[in-house]
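Taking it in order: structure first as structure tokens, then the write-up.
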Amino acid sequence: MIKCANCGKREGTIKWVGSEGVLALTHGFYKMWCEICATEAQLEYAKELAKNIPKLEERLKILIAKEEREC
């Protein structure tokens with residue numbers, strides 16, 4: 001059994017590259033993580049991205065209003 005490279009407690013079943021991307025995965029630059037650690041990291045990342053939603057919605061409103069004034 002390959003241990004999770006992140007927690008060292010559970011079996012590593014997920015090829016994890018973090019923010020390195022598909023190219024790193026393709027070239028074998030990954031570590032084996034357990035599904036719990038991988039899911040926790042994905043959730044943390046998703047929460048960070050979600051923080052931008054209000055700013056993006058406001059920016060979209062501004063852009064649409066500007067476009068409507070120009071028409």
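By convention here, the chains of the structure tokens are called A, B, ... in the order presented, each chain's residues are numbered starting at 1, and ligands are numbered starting at 1 in the order presented.
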
Write down as a ChimeraX atom specification the residues of chain A whose backbone DSSP state falls under strand (DSSP E).
/A:14-16,31-33

A:Cys37: which residues within 10 Å, counting only C-alpha atoms, same-chain residues fewer than 4 positions away excluded, as a PDB file with N, CA and C atoms, in the first residue's frame?
ATOM      1  N   CYS A   4      -0.576   7.956   1.684  1.00  0.00           N
ATOM      2  CA  CYS A   4      -0.867   9.314   1.218  1.00  0.00           C
ATOM      3  C   CYS A   4       0.342  10.200   1.505  1.00  0.00           C
ATOM      4  N   ALA A   5       0.825  10.892   0.484  1.00  0.00           N
ATOM      5  CA  ALA A   5       1.980  11.781   0.636  1.00  0.00           C
ATOM      6  C   ALA A   5       1.638  13.022   1.440  1.00  0.00           C
ATOM      7  N   ASN A   6       0.357  13.298   1.629  1.00  0.00           N
ATOM      8  CA  ASN A   6      -0.046  14.483   2.369  1.00  0.00           C
ATOM      9  C   ASN A   6      -0.211  14.189   3.868  1.00  0.00           C
ATOM     10  N   CYS A   7      -1.010  13.182   4.195  1.00  0.00           N
ATOM     11  CA  CYS A   7      -1.283  12.896   5.601  1.00  0.00           C
ATOM     12  C   CYS A   7      -0.492  11.713   6.152  1.00  0.00           C
ATOM     13  N   ARG A  10      -3.576   7.323   5.344  1.00  0.00           N
ATOM     14  CA  ARG A  10      -4.425   6.470   4.513  1.00  0.00           C
ATOM     15  C   ARG A  10      -3.706   6.083   3.229  1.00  0.00           C
ATOM     16  N   GLY A  12      -2.776   6.133  -0.530  1.00  0.00           N
ATOM     17  CA  GLY A  12      -2.783   7.122  -1.605  1.00  0.00           C
ATOM     18  C   GLY A  12      -3.365   6.510  -2.864  1.00  0.00           C
ATOM     19  N   ILE A  14      -5.088   8.743  -5.270  1.00  0.00           N
ATOM     20  CA  ILE A  14      -5.319   9.843  -6.204  1.00  0.00           C
ATOM     21  C   ILE A  14      -3.963  10.411  -6.623  1.00  0.00           C
ATOM     22  N   TRP A  16      -1.973  13.330  -7.369  1.00  0.00           N
ATOM     23  CA  TRP A  16      -2.182  14.730  -7.016  1.00  0.00           C
ATOM     24  C   TRP A  16      -1.020  15.587  -7.515  1.00  0.00           C
ATOM     25  N   TRP A  33      -2.110  10.863  -3.154  1.00  0.00           N
ATOM     26  CA  TRP A  33      -2.864  11.378  -2.012  1.00  0.00           C
ATOM     27  C   TRP A  33      -4.077  10.493  -1.805  1.00  0.00           C
ATOM     28  N   ALA A  41      -8.534  19.484  -0.137  1.00  0.00           N
ATOM     29  CA  ALA A  41      -7.800  20.510  -0.884  1.00  0.00           C
ATOM     30  C   ALA A  41      -8.664  21.116  -1.981  1.00  0.00           C
ATOM     31  N   GLN A  42      -9.434  20.291  -2.672  1.00  0.00           N
ATOM     32  CA  GLN A  42     -10.328  20.801  -3.717  1.00  0.00           C
ATOM     33  C   GLN A  42     -11.394  21.715  -3.129  1.00  0.00           C
ATOM     34  N   LEU A  43     -11.922  21.338  -1.986  1.00  0.00           N
ATOM     35  CA  LEU A  43     -12.950  22.153  -1.338  1.00  0.00           C
ATOM     36  C   LEU A  43     -12.384  23.504  -0.910  1.00  0.00           C
TER      37      LEU A  43
END

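Of the residues listed (A:Arg59, A:Thr26, A:Cys71, A:Gly18), A:Gly18 shows the shortest atom-to-atom separation from A:Glu40; distances use only C-alpha atoms.
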
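The gap separating atom CA of A:Glu11 from atom CA of A:Met32 is 8.3 Å, in Å to one decimal.
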
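The space separating atom CA of A:Gly8 from atom CA of A:Ala38 comes to 12.8 Å.
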
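For the choices A:Met1, A:Ala50, A:Thr13, A:Lys61, the atom-to-atom distance to A:Ile36 is smallest for A:Thr13 when using only C-alpha atoms.
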
Quick one, how far is atom CA of A:Ala65 from atom CA of A:Asn52?
20.2 Å

Please provide as a list in words all residues within 10 Å of A:Phe29, with the sequence filter that same-chain residues fewer than 2 positions apart are discarded (counting only C-alpha atoms).
Lys15, Trp16, Val17, Glu20, Gly21, Val22, Leu23, Ala24, Leu25, Thr26, His27 and Lys31 of chain A
